[in-house]
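Novice: Hey, dropping entry-v8.cif in here, mmCIF, C-alpha atoms, pLDDT in the B column; chains and numbers go by the auth columns:
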```cif
data_entry
#
loop_
_atom_site.group_PDB
_atom_site.id
_atom_site.type_symbol
_atom_site.label_atom_id
_atom_site.label_comp_id
_atom_site.label_asym_id
_atom_site.label_seq_id
_atom_site.Cartn_x
_atom_site.Cartn_y
_atom_site.Cartn_z
_atom_site.B_iso_or_equiv
_atom_site.auth_seq_id
_atom_site.auth_asym_id
ATOM 1 C CA MET A 1 79.513 74.142 102.557 44.00 1 A
ATOM 2 C CA ALA A 2 82.945 75.203 103.770 40.00 2 A
ATOM 3 C CA SER A 3 83.317 78.932 103.648 42.00 3 A
ATOM 4 C CA VAL A 4 85.627 80.551 101.120 44.00 4 A
ATOM 5 C CA ALA A 5 84.273 84.018 101.694 35.00 5 A
ATOM 6 C CA SER A 6 86.872 85.051 104.240 38.00 6 A
ATOM 7 C CA VAL A 7 90.074 84.436 102.332 36.00 7 A
ATOM 8 C CA ARG A 8 91.140 88.077 102.127 38.00 8 A
ATOM 9 C CA ILE A 9 94.667 88.570 103.452 36.00 9 A
ATOM 10 C CA LEU A 10 95.148 92.314 103.845 35.00 10 A
ATOM 11 C CA SER A 11 97.946 92.210 106.436 35.00 11 A
ATOM 12 C CA PRO A 12 99.975 89.013 105.906 35.00 12 A
ATOM 13 C CA LEU A 13 101.990 87.692 108.819 33.00 13 A
ATOM 14 C CA PRO A 14 105.787 87.879 108.444 33.00 14 A
ATOM 15 C CA PRO A 15 107.546 84.542 108.035 31.00 15 A
ATOM 16 C CA ARG A 16 109.159 83.151 111.172 28.00 16 A
ATOM 17 C CA ARG A 17 112.725 81.815 111.375 27.00 17 A
ATOM 18 C CA SER A 18 111.858 78.729 113.474 25.00 18 A
ATOM 19 C CA PRO A 19 109.025 76.811 111.801 26.00 19 A
ATOM 20 C CA THR A 20 106.223 75.397 113.941 24.00 20 A
ATOM 21 C CA PRO A 21 103.741 72.693 112.799 23.00 21 A
ATOM 22 C CA THR A 22 101.493 75.409 111.335 25.00 22 A
ATOM 23 C CA TYR A 23 104.244 77.242 109.503 26.00 23 A
ATOM 24 C CA VAL A 24 104.474 76.676 105.773 30.00 24 A
ATOM 25 C CA LYS A 25 107.915 75.463 104.854 33.00 25 A
ATOM 26 C CA GLY A 26 108.717 76.380 101.271 38.00 26 A
ATOM 27 C CA THR A 27 111.543 76.517 98.798 37.00 27 A
ATOM 28 C CA PHE A 28 112.174 78.796 95.862 38.00 28 A
ATOM 29 C CA CYS A 29 113.441 78.094 92.388 38.00 29 A
ATOM 30 C CA ARG A 30 113.614 80.082 89.176 36.00 30 A
ATOM 31 C CA CYS A 31 110.752 79.831 86.712 36.00 31 A
ATOM 32 C CA ARG A 32 111.991 78.973 83.239 36.00 32 A
ATOM 33 C CA SER A 33 110.268 79.725 79.972 34.00 33 A
ATOM 34 C CA ILE A 34 108.348 76.815 78.406 34.00 34 A
ATOM 35 C CA SER A 35 108.164 76.432 74.664 37.00 35 A
ATOM 36 C CA SER A 36 104.838 75.868 72.924 38.00 36 A
ATOM 37 C CA SER A 37 105.825 72.277 72.155 42.00 37 A
ATOM 38 C CA GLU A 38 106.300 71.579 75.881 44.00 38 A
ATOM 39 C CA LYS A 39 102.971 72.982 77.022 43.00 39 A
ATOM 40 C CA THR A 40 100.523 70.407 78.286 44.00 40 A
ATOM 41 C CA PRO A 41 96.763 70.538 77.649 45.00 41 A
ATOM 42 C CA SER A 42 96.280 71.651 81.270 43.00 42 A
ATOM 43 C CA ASP A 43 98.619 74.633 80.709 43.00 43 A
ATOM 44 C CA ARG A 44 96.576 75.745 77.719 44.00 44 A
ATOM 45 C CA THR A 45 93.294 75.292 79.601 44.00 45 A
ATOM 46 C CA THR A 46 94.570 77.388 82.503 41.00 46 A
ATOM 47 C CA ARG A 47 95.316 80.274 80.153 43.00 47 A
ATOM 48 C CA ASP A 48 91.701 80.056 78.980 52.00 48 A
ATOM 49 C CA ALA A 49 90.592 80.383 82.604 54.00 49 A
ATOM 50 C CA PHE A 50 92.405 83.616 83.446 60.00 50 A
ATOM 51 C CA ARG A 51 93.900 84.515 80.054 48.00 51 A
ATOM 52 C CA VAL A 52 97.492 83.891 81.146 41.00 52 A
ATOM 53 C CA ASP A 53 99.895 80.972 81.166 42.00 53 A
ATOM 54 C CA CYS A 54 102.738 80.520 83.637 40.00 54 A
ATOM 55 C CA GLY A 55 104.806 79.058 80.812 44.00 55 A
ATOM 56 C CA ASP A 56 104.687 82.423 79.079 46.00 56 A
ATOM 57 C CA LEU A 57 105.962 84.461 82.024 44.00 57 A
ATOM 58 C CA ASP A 58 108.393 87.161 80.977 47.00 58 A
ATOM 59 C CA LEU A 59 111.665 86.313 82.690 44.00 59 A
ATOM 60 C CA GLN A 60 112.525 90.010 82.749 44.00 60 A
ATOM 61 C CA GLU A 61 109.900 90.282 85.480 57.00 61 A
ATOM 62 C CA SER A 62 112.026 87.911 87.620 88.00 62 A
ATOM 63 C CA PHE A 63 109.305 85.481 88.585 95.00 63 A
ATOM 64 C CA ARG A 64 110.162 82.599 90.893 96.00 64 A
ATOM 65 C CA THR A 65 108.346 79.455 91.993 97.00 65 A
ATOM 66 C CA TYR A 66 107.371 78.897 95.620 97.00 66 A
ATOM 67 C CA GLU A 67 106.960 75.199 96.363 96.00 67 A
ATOM 68 C CA ASP A 68 105.399 74.006 99.611 94.00 68 A
ATOM 69 C CA GLU A 69 106.407 70.371 100.010 92.00 69 A
ATOM 70 C CA ALA A 70 104.471 69.916 103.258 89.00 70 A
ATOM 71 C CA ASN A 71 101.153 71.163 101.861 91.00 71 A
ATOM 72 C CA LYS A 72 101.764 69.882 98.337 93.00 72 A
ATOM 73 C CA PHE A 73 101.338 72.971 96.179 96.00 73 A
ATOM 74 C CA ARG A 74 103.413 75.340 94.131 97.00 74 A
ATOM 75 C CA ILE A 75 102.791 78.823 92.852 98.00 75 A
ATOM 76 C CA THR A 76 104.814 81.311 90.818 97.00 76 A
ATOM 77 C CA ILE A 77 105.290 84.826 92.210 97.00 77 A
ATOM 78 C CA PRO A 78 107.212 87.974 91.207 96.00 78 A
ATOM 79 C CA GLY A 79 110.763 87.878 92.514 94.00 79 A
ATOM 80 C CA ASP A 80 110.381 91.026 94.605 92.00 80 A
ATOM 81 C CA TRP A 81 107.205 89.908 96.433 95.00 81 A
ATOM 82 C CA SER A 82 107.292 88.970 100.116 94.00 82 A
ATOM 83 C CA VAL A 83 105.921 85.789 101.678 95.00 83 A
ATOM 84 C CA GLY A 84 104.033 85.529 104.967 91.00 84 A
ATOM 85 C CA ALA A 85 102.609 82.477 106.727 84.00 85 A
ATOM 86 C CA GLY A 86 100.359 82.015 109.711 74.00 86 A
ATOM 87 C CA GLU A 87 97.245 80.377 111.088 64.00 87 A
ATOM 88 C CA ALA A 88 93.690 81.341 111.961 60.00 88 A
ATOM 89 C CA ASP A 89 90.686 79.754 113.672 63.00 89 A
ATOM 90 C CA GLY A 90 89.508 76.725 111.719 61.00 90 A
ATOM 91 C CA ILE A 91 92.232 77.156 109.081 72.00 91 A
ATOM 92 C CA LYS A 92 95.079 74.692 108.739 78.00 92 A
ATOM 93 C CA SER A 93 97.426 76.969 106.843 87.00 93 A
ATOM 94 C CA VAL A 94 97.572 80.498 105.435 92.00 94 A
ATOM 95 C CA THR A 95 100.317 81.660 103.083 95.00 95 A
ATOM 96 C CA ALA A 96 100.262 85.160 101.621 94.00 96 A
ATOM 97 C CA PHE A 97 102.278 86.645 98.759 96.00 97 A
ATOM 98 C CA TYR A 98 102.330 90.421 98.370 94.00 98 A
ATOM 99 C CA PRO A 99 104.276 93.341 96.872 92.00 99 A
ATOM 100 C CA GLU A 100 105.904 95.695 99.315 85.00 100 A
ATOM 101 C CA GLY A 101 103.909 98.843 100.024 79.00 101 A
ATOM 102 C CA ALA A 102 100.699 97.556 98.413 60.00 102 A
ATOM 103 C CA SER A 103 98.667 95.898 101.164 67.00 103 A
ATOM 104 C CA ASP A 104 95.462 95.963 99.063 88.00 104 A
ATOM 105 C CA SER A 105 97.009 93.787 96.354 93.00 105 A
ATOM 106 C CA ASN A 106 98.046 90.251 97.266 95.00 106 A
ATOM 107 C CA VAL A 107 97.533 86.554 96.710 97.00 107 A
ATOM 108 C CA SER A 108 96.730 84.118 99.519 96.00 108 A
ATOM 109 C CA VAL A 109 96.598 80.333 99.743 97.00 109 A
ATOM 110 C CA VAL A 110 94.250 79.153 102.498 95.00 110 A
ATOM 111 C CA ILE A 111 93.995 75.450 103.376 94.00 111 A
ATOM 112 C CA THR A 112 91.109 74.124 105.469 92.00 112 A
ATOM 113 C CA GLY A 113 90.159 70.618 106.553 92.00 113 A
ATOM 114 C CA LEU A 114 86.999 69.029 105.172 92.00 114 A
ATOM 115 C CA GLY A 115 84.481 66.602 106.611 89.00 115 A
ATOM 116 C CA PRO A 116 84.147 63.025 105.328 88.00 116 A
ATOM 117 C CA ASP A 117 81.161 63.976 103.152 90.00 117 A
ATOM 118 C CA PHE A 118 83.408 66.015 100.850 93.00 118 A
ATOM 119 C CA THR A 119 85.319 63.478 98.798 92.00 119 A
ATOM 120 C CA ARG A 120 85.878 65.532 95.654 93.00 120 A
ATOM 121 C CA LEU A 121 85.469 69.099 94.479 95.00 121 A
ATOM 122 C CA GLU A 122 82.140 68.308 92.853 95.00 122 A
ATOM 123 C CA SER A 123 80.785 67.544 96.343 95.00 123 A
ATOM 124 C CA PHE A 124 80.266 71.302 96.563 94.00 124 A
ATOM 125 C CA GLY A 125 78.236 71.257 93.346 96.00 125 A
ATOM 126 C CA SER A 126 79.152 72.409 89.858 97.00 126 A
ATOM 127 C CA VAL A 127 81.520 75.329 89.421 98.00 127 A
ATOM 128 C CA ASP A 128 78.626 77.596 88.440 98.00 128 A
ATOM 129 C CA ALA A 129 76.595 76.604 91.507 97.00 129 A
ATOM 130 C CA PHE A 130 79.649 76.997 93.719 97.00 130 A
ATOM 131 C CA ALA A 131 80.412 80.446 92.307 97.00 131 A
ATOM 132 C CA GLU A 132 76.816 81.610 92.640 97.00 132 A
ATOM 133 C CA SER A 133 76.696 80.413 96.240 96.00 133 A
ATOM 134 C CA LEU A 134 79.970 82.153 97.044 96.00 134 A
ATOM 135 C CA VAL A 135 79.004 85.506 95.552 97.00 135 A
ATOM 136 C CA THR A 136 75.425 85.398 96.841 97.00 136 A
ATOM 137 C CA GLY A 137 76.757 84.708 100.319 96.00 137 A
ATOM 138 C CA LEU A 138 78.978 87.773 100.123 97.00 138 A
ATOM 139 C CA ASP A 139 76.426 90.162 98.635 97.00 139 A
ATOM 140 C CA ARG A 140 74.725 92.566 101.044 96.00 140 A
ATOM 141 C CA SER A 141 73.658 95.190 98.503 96.00 141 A
ATOM 142 C CA TRP A 142 69.988 94.396 99.202 95.00 142 A
ATOM 143 C CA ARG A 143 70.201 95.652 102.763 94.00 143 A
ATOM 144 C CA ARG A 144 69.045 99.084 103.879 93.00 144 A
ATOM 145 C CA PRO A 145 71.402 100.822 104.083 93.00 145 A
ATOM 146 C CA PRO A 146 73.202 98.761 101.418 94.00 146 A
ATOM 147 C CA GLY A 147 76.179 96.652 102.422 96.00 147 A
ATOM 148 C CA VAL A 148 78.912 95.205 100.240 97.00 148 A
ATOM 149 C CA ALA A 149 77.897 94.568 96.629 98.00 149 A
ATOM 150 C CA ALA A 150 79.261 91.321 95.161 98.00 150 A
ATOM 151 C CA LYS A 151 79.150 90.607 91.448 98.00 151 A
ATOM 152 C CA LEU A 152 80.128 87.382 89.685 98.00 152 A
ATOM 153 C CA ILE A 153 82.215 87.976 86.556 98.00 153 A
ATOM 154 C CA ASN A 154 83.110 84.480 85.397 98.00 154 A
ATOM 155 C CA SER A 155 83.414 80.872 86.538 98.00 155 A
ATOM 156 C CA ARG A 156 84.748 77.728 84.946 97.00 156 A
ATOM 157 C CA ALA A 157 86.320 74.371 85.764 97.00 157 A
ATOM 158 C CA ALA A 158 89.709 73.306 84.399 96.00 158 A
ATOM 159 C CA ASN A 159 92.638 71.119 85.492 90.00 159 A
ATOM 160 C CA GLY A 160 90.508 69.637 88.289 95.00 160 A
ATOM 161 C CA LEU A 161 90.149 73.133 89.786 97.00 161 A
ATOM 162 C CA TYR A 162 87.399 75.765 89.965 98.00 162 A
ATOM 163 C CA TYR A 163 88.243 79.248 88.640 98.00 163 A
ATOM 164 C CA ILE A 164 86.060 82.145 89.821 98.00 164 A
ATOM 165 C CA GLU A 165 86.285 85.857 89.091 98.00 165 A
ATOM 166 C CA TYR A 166 84.179 88.404 90.985 98.00 166 A
ATOM 167 C CA THR A 167 84.155 91.906 92.485 98.00 167 A
ATOM 168 C CA LEU A 168 83.308 93.365 95.888 98.00 168 A
ATOM 169 C CA GLN A 169 82.452 96.981 96.609 97.00 169 A
ATOM 170 C CA ASN A 170 81.259 98.789 99.705 95.00 170 A
ATOM 171 C CA LEU A 171 79.063 101.826 99.167 92.00 171 A
ATOM 172 C CA GLY A 172 81.226 104.864 98.431 92.00 172 A
ATOM 173 C CA GLU A 173 84.459 102.843 98.334 95.00 173 A
ATOM 174 C CA ARG A 174 86.691 101.523 95.581 95.00 174 A
ATOM 175 C CA ARG A 175 85.786 98.265 93.884 97.00 175 A
ATOM 176 C CA ARG A 176 87.909 95.237 94.777 97.00 176 A
ATOM 177 C CA HIS A 177 88.580 92.672 92.041 98.00 177 A
ATOM 178 C CA LEU A 178 89.153 89.045 93.056 98.00 178 A
ATOM 179 C CA LEU A 179 90.393 85.974 91.185 98.00 179 A
ATOM 180 C CA SER A 180 90.047 82.641 92.961 97.00 180 A
ATOM 181 C CA VAL A 181 91.120 79.078 92.318 98.00 181 A
ATOM 182 C CA ILE A 182 89.530 76.305 94.376 98.00 182 A
ATOM 183 C CA GLY A 183 91.030 72.820 94.643 97.00 183 A
ATOM 184 C CA MET A 184 90.918 69.723 96.822 96.00 184 A
ATOM 185 C CA ALA A 185 93.521 67.150 97.802 94.00 185 A
ATOM 186 C CA SER A 186 94.136 64.611 100.557 90.00 186 A
ATOM 187 C CA ASN A 187 97.104 64.601 102.906 84.00 187 A
ATOM 188 C CA GLY A 188 96.631 60.865 103.521 82.00 188 A
ATOM 189 C CA TRP A 189 94.310 61.316 106.509 86.00 189 A
ATOM 190 C CA TYR A 190 91.624 63.754 105.375 87.00 190 A
ATOM 191 C CA ASN A 191 90.696 65.928 102.420 92.00 191 A
ATOM 192 C CA ARG A 192 91.677 69.583 102.408 94.00 192 A
ATOM 193 C CA LEU A 193 90.210 72.529 100.525 95.00 193 A
ATOM 194 C CA TYR A 194 92.693 74.889 98.871 97.00 194 A
ATOM 195 C CA THR A 195 91.426 78.414 98.240 96.00 195 A
ATOM 196 C CA VAL A 196 93.754 80.672 96.274 98.00 196 A
ATOM 197 C CA THR A 197 92.587 84.281 96.121 97.00 197 A
ATOM 198 C CA GLY A 198 94.263 87.146 94.311 98.00 198 A
ATOM 199 C CA GLN A 199 92.919 90.651 94.806 97.00 199 A
ATOM 200 C CA PHE A 200 93.586 94.157 93.580 96.00 200 A
ATOM 201 C CA MET A 201 91.692 97.434 93.604 95.00 201 A
ATOM 202 C CA GLU A 202 90.034 98.095 90.250 94.00 202 A
ATOM 203 C CA ASP A 203 91.583 101.549 89.916 93.00 203 A
ATOM 204 C CA GLU A 204 95.007 99.864 90.179 93.00 204 A
ATOM 205 C CA SER A 205 94.210 97.288 87.513 94.00 205 A
ATOM 206 C CA ASP A 206 96.884 98.525 85.106 94.00 206 A
ATOM 207 C CA LYS A 207 99.523 98.149 87.800 92.00 207 A
ATOM 208 C CA TYR A 208 98.635 94.827 89.408 94.00 208 A
ATOM 209 C CA ARG A 209 96.110 92.833 87.351 96.00 209 A
ATOM 210 C CA SER A 210 98.630 91.146 85.085 95.00 210 A
ATOM 211 C CA GLN A 211 100.803 90.037 87.997 95.00 211 A
ATOM 212 C CA ILE A 212 97.850 88.820 90.067 96.00 212 A
ATOM 213 C CA GLU A 213 96.456 86.844 87.118 97.00 213 A
ATOM 214 C CA LYS A 214 99.817 85.187 86.493 96.00 214 A
ATOM 215 C CA VAL A 215 100.283 84.247 90.132 97.00 215 A
ATOM 216 C CA VAL A 216 96.787 82.826 90.626 97.00 216 A
ATOM 217 C CA SER A 217 96.840 80.955 87.305 96.00 217 A
ATOM 218 C CA SER A 218 100.164 79.322 88.145 97.00 218 A
ATOM 219 C CA PHE A 219 98.815 77.500 91.214 98.00 219 A
ATOM 220 C CA ARG A 220 99.217 73.724 91.016 96.00 220 A
ATOM 221 C CA LEU A 221 98.652 70.858 93.431 96.00 221 A
ATOM 222 C CA ILE A 222 101.651 68.538 93.508 92.00 222 A
#
```
Written as structure tokens, that's how I'd like the structure from this file.
Specialist:
Amino acid sequence: MASVASVRILSPLPPRRSPTPTYVKGTFCRCRSISSSEKTPSDRTTRDAFRVDCGDLDLQESFRTYEDEANKFRITIPGDWSVGAGEADGIKSVTAFYPEGASDSNVSVVITGLGPDFTRLESFGSVDAFAESLVTGLDRSWRRPPGVAAKLINSRAANGLYYIEYTLQNLGERRRHLLSVIGMASNGWYNRLYTVTGQFMEDESDKYRSQIEKVVSSFRLI
């Protein structure tokens, strides 16, 4: 199974002025409020997944939509967040969104290529099996001395995507809370796995959780 365990972006790369083939070219537009009559069933299901709905974003928070036409996704972020893009071994694209001065709180979109055996998201198994495999693969609390402790909070499938919520904590350190959305799409030549991961430290939940939830929940393949 393709790994989604290493999608933490703690130090996003700054965007470059001259795009290269691996640079994510994106455009921004304002996010408008959506009335209840306009909301689609998928919008309502997404709110069930992470308890928020992009259509209900408070415009006073100055959210904006980042749309990546090359990689066919869009995501809504706070207006004062920065964007970084880069590449890593075995990864086709990495785009990070983060508030200034808060390197432990961010959202990343990681795109990796898949083999021909993976034709749809269910090729990885059900969302529950996928989530269990992810968290079990991260957990090292059974070691002596104990390593990182991973705990699954919730998992569900909606809108053709997998939604997973879990925590990570090293012994004696603060607990890290993660919200992930997993999706799959083809670029016309091969299938690609999209892993969206939002993270914040649990003791900063009041400050960042709402924003992280809104950003992660707003992710859409286009």
Novice: When the PyMOL selection byres ((chain A and resi 94) around 6) is applied to the file above, which residues end up in the set, as a PyMOL selection string?
Specialist: chain A and resi 85-87+93+95+109-110
Novice: Would you save the residues of that selection, restricted to C-alpha atoms, as a PDB file, in the frame of the given file?
Specialist:
```pdb
ATOM      1  CA  ALA A  85     102.609  82.477 106.727  1.00 84.00           C
ATOM      2  CA  GLY A  86     100.359  82.015 109.711  1.00 74.00           C
ATOM      3  CA  GLU A  87      97.245  80.377 111.088  1.00 64.00           C
ATOM      4  CA  SER A  93      97.426  76.969 106.843  1.00 87.00           C
ATOM      5  CA  THR A  95     100.317  81.660 103.083  1.00 95.00           C
ATOM      6  CA  VAL A 109      96.598  80.333  99.743  1.00 97.00           C
ATOM      7  CA  VAL A 110      94.250  79.153 102.498  1.00 95.00           C
TER       8      VAL A 110
END
```
Novice: Calculated over all atoms listed in the file, which of the candidates A:Val196, A:Leu161, A:Leu152, A:Ile75 has the smallest distance to Ala131 in chain A?
Specialist: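 Ranked by minimum distance to Ala131 in chain A, first place goes to A:Leu152.
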Novice: Taking (95.2, 71.7, 99.0) in the file's coordinates as the center, which residues reach within 9 Å of it, counting only C-alpha atoms, put as JSON, numbers by chain?
Specialist: {"A": [71, 72, 73, 109, 110, 111, 112, 182, 183, 184, 185, 186, 187, 191, 192, 193, 194, 195, 221]}
Novice: In terms of the shortest atom-to-atom distance over all atoms listed in the file, which of A:Ile164, A:Pro145, A:Val83, A:Val181 is closest to Ser133 in chain A?
Specialist: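 Among the listed residues, the smallest separation from Ser133 in chain A belongs to A:Ile164.
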Novice: For a quick check of understanding, using only C-alpha atoms, which of A:Asn154, A:Ser62, A:Gln169, A:Ser108 has the smallest distance to Gly198 in chain A?
Specialist: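 Looking at the shortest contact to Gly198 in chain A, the residue is A:Ser108.
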Novice: Translate the PyMOL selection byres ((chain A and resi 202) around 12), as applied to the file shown, into an explicit residue set as a list in words.
Specialist: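 Written out, the selection comes to Asp104, Ser105, Tyr166, Thr167, Leu168, Gln169, Glu173, Arg174, Arg175, Arg176, His177, Leu178, Gln199, Phe200, Met201, Asp203, Glu204, Ser205, Asp206, Lys207, Tyr208 and Arg209 of chain A.
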Novice: So how far away is CA of Arg74 in chain A from CA of Ala150 in chain A, in Å?
Specialist: 29.0 Å
Novice: Mind pulling up the distance from CA of Gly125 in chain A to CA of Asn159 in chain A?
Specialist: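 Value for the CA of Asn159 in chain A-CA of Gly125 in chain A distance: 16.4 Å.
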Novice: For Phe130 in chain A, work out the shell of residues within 10 Å, counting all atoms listed in the file and skipping chain neighbours fewer than 2 positions away, then give it as a PyMOL selection string.
Specialist: chain A and resi 1+121-128+132-136+155+162+164+182
Novice: What does the distance from CA of Leu179 in chain A to CA of Val215 in chain A come to in Å, to one decimal?
Specialist: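 For CA of Leu179 in chain A relative to CA of Val215 in chain A, the distance reads 10.1 Å.
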Novice: Pick out the residues sitting within 7 Å of Ser218 in chain A, and hand them over as a ChimeraX atom specification; count only C-alpha atoms, and ignore anything fewer than 2 positions along from it in its own chain.
Specialist: /A:54,75-76,214-216,220
Novice: Once the PyMOL selection byres ((chain A and resi 78) around 8) is applied to the coordinates I shared, what remains selected? I want it as a list in words.
Specialist: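 Written out, the selection comes to Glu61, Ser62, Phe63, Arg64, Thr76, Ile77, Gly79, Asp80, Trp81, Gln211 and Val215 of chain A.
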Novice: With all atoms of range 177-187 of chain A from the file as input, state the centre and edge lengths in Å to one decimal of the axis-aligned box that has 3 Å extra on each side, as AutoDock Vina command-line options.
Specialist:
```
--center_x 92.8 --center_y 78.6 --center_z 97.0 --size_x 14.5 --size_y 34.1 --size_z 17.7
```
Novice: From the list A:Asn170, A:Ser82, A:Ile153, A:Ile91, which residue is nearest Arg140 in chain A when using all atoms listed in the file?
Specialist: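 So, comparing all the options, the nearest one is A:Asn170.
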Novice: For range 166-173 of chain A, where the input has fewer atoms than it should, I would like all heavy atoms rebuilt and written as a PDB file, keeping the file's coordinate frame.
Specialist:
```
ATOM      1  N   TYR A 166      85.293  87.601  90.474  1.00 98.00           N
ATOM      2  CA  TYR A 166      84.179  88.404  90.985  1.00 98.00           C
ATOM      3  C   TYR A 166      84.699  89.719  91.559  1.00 98.00           C
ATOM      4  O   TYR A 166      85.921  89.918  91.695  1.00 98.00           O
ATOM      5  CB  TYR A 166      83.372  87.634  92.032  1.00 98.00           C
ATOM      6  CG  TYR A 166      84.130  87.203  93.262  1.00 98.00           C
ATOM      7  CD1 TYR A 166      84.014  87.898  94.466  1.00 98.00           C
ATOM      8  CD2 TYR A 166      84.948  86.073  93.242  1.00 98.00           C
ATOM      9  CE1 TYR A 166      84.698  87.493  95.600  1.00 98.00           C
ATOM     10  CE2 TYR A 166      85.640  85.668  94.374  1.00 98.00           C
ATOM     11  CZ  TYR A 166      85.510  86.369  95.555  1.00 98.00           C
ATOM     12  OH  TYR A 166      86.192  85.965  96.667  1.00 98.00           O
ATOM     13  N   THR A 167      83.780  90.621  91.895  1.00 98.00           N
ATOM     14  CA  THR A 167      84.155  91.906  92.485  1.00 98.00           C
ATOM     15  C   THR A 167      83.373  92.134  93.772  1.00 98.00           C
ATOM     16  O   THR A 167      82.274  91.605  93.957  1.00 98.00           O
ATOM     17  CB  THR A 167      83.879  93.082  91.527  1.00 98.00           C
ATOM     18  OG1 THR A 167      82.474  93.138  91.234  1.00 98.00           O
ATOM     19  CG2 THR A 167      84.670  92.937  90.236  1.00 98.00           C
ATOM     20  N   LEU A 168      83.955  92.945  94.650  1.00 98.00           N
ATOM     21  CA  LEU A 168      83.308  93.365  95.888  1.00 98.00           C
ATOM     22  C   LEU A 168      83.450  94.883  96.017  1.00 98.00           C
ATOM     23  O   LEU A 168      84.512  95.432  95.703  1.00 98.00           O
ATOM     24  CB  LEU A 168      83.956  92.700  97.108  1.00 98.00           C
ATOM     25  CG  LEU A 168      83.888  91.174  97.228  1.00 98.00           C
ATOM     26  CD1 LEU A 168      84.699  90.704  98.425  1.00 98.00           C
ATOM     27  CD2 LEU A 168      82.447  90.713  97.339  1.00 98.00           C
ATOM     28  N   GLN A 169      82.384  95.536  96.443  1.00 97.00           N
ATOM     29  CA  GLN A 169      82.452  96.981  96.609  1.00 97.00           C
ATOM     30  C   GLN A 169      81.516  97.447  97.709  1.00 97.00           C
ATOM     31  O   GLN A 169      80.313  97.177  97.679  1.00 97.00           O
ATOM     32  CB  GLN A 169      82.104  97.700  95.304  1.00 97.00           C
ATOM     33  CG  GLN A 169      82.270  99.219  95.375  1.00 97.00           C
ATOM     34  CD  GLN A 169      81.994  99.886  94.043  1.00 97.00           C
ATOM     35  OE1 GLN A 169      81.286  99.338  93.198  1.00 97.00           O
ATOM     36  NE2 GLN A 169      82.565 101.070  93.845  1.00 97.00           N
ATOM     37  N   ASN A 170      82.071  98.133  98.689  1.00 95.00           N
ATOM     38  CA  ASN A 170      81.259  98.789  99.705  1.00 95.00           C
ATOM     39  C   ASN A 170      80.787 100.133  99.173  1.00 95.00           C
ATOM     40  O   ASN A 170      81.473 100.771  98.364  1.00 95.00           O
ATOM     41  CB  ASN A 170      82.070  98.999 100.984  1.00 95.00           C
ATOM     42  CG  ASN A 170      82.217  97.723 101.788  1.00 95.00           C
ATOM     43  OD1 ASN A 170      81.236  97.055 102.090  1.00 95.00           O
ATOM     44  ND2 ASN A 170      83.452  97.378 102.129  1.00 95.00           N
ATOM     45  N   LEU A 171      79.637 100.568  99.621  1.00 92.00           N
ATOM     46  CA  LEU A 171      79.063 101.826  99.167  1.00 92.00           C
ATOM     47  C   LEU A 171      80.041 102.975  99.404  1.00 92.00           C
ATOM     48  O   LEU A 171      80.542 103.169 100.506  1.00 92.00           O
ATOM     49  CB  LEU A 171      77.752 102.102  99.907  1.00 92.00           C
ATOM     50  CG  LEU A 171      76.928 103.301  99.408  1.00 92.00           C
ATOM     51  CD1 LEU A 171      76.435 103.038  97.988  1.00 92.00           C
ATOM     52  CD2 LEU A 171      75.733 103.532 100.344  1.00 92.00           C
ATOM     53  N   GLY A 172      80.344 103.709  98.332  1.00 92.00           N
ATOM     54  CA  GLY A 172      81.226 104.864  98.431  1.00 92.00           C
ATOM     55  C   GLY A 172      82.703 104.530  98.453  1.00 92.00           C
ATOM     56  O   GLY A 172      83.539 105.439  98.587  1.00 92.00           O
ATOM     57  N   GLU A 173      83.056 103.243  98.315  1.00 95.00           N
ATOM     58  CA  GLU A 173      84.459 102.843  98.334  1.00 95.00           C
ATOM     59  C   GLU A 173      84.874 102.285  96.979  1.00 95.00           C
ATOM     60  O   GLU A 173      84.051 102.049  96.101  1.00 95.00           O
ATOM     61  CB  GLU A 173      84.693 101.797  99.428  1.00 95.00           C
ATOM     62  CG  GLU A 173      84.443 102.314 100.833  1.00 95.00           C
ATOM     63  CD  GLU A 173      84.736 101.263 101.879  1.00 95.00           C
ATOM     64  OE1 GLU A 173      85.187 100.152 101.496  1.00 95.00           O
ATOM     65  OE2 GLU A 173      84.511 101.531 103.079  1.00 95.00           O
TER      66      GLU A 173
END
```
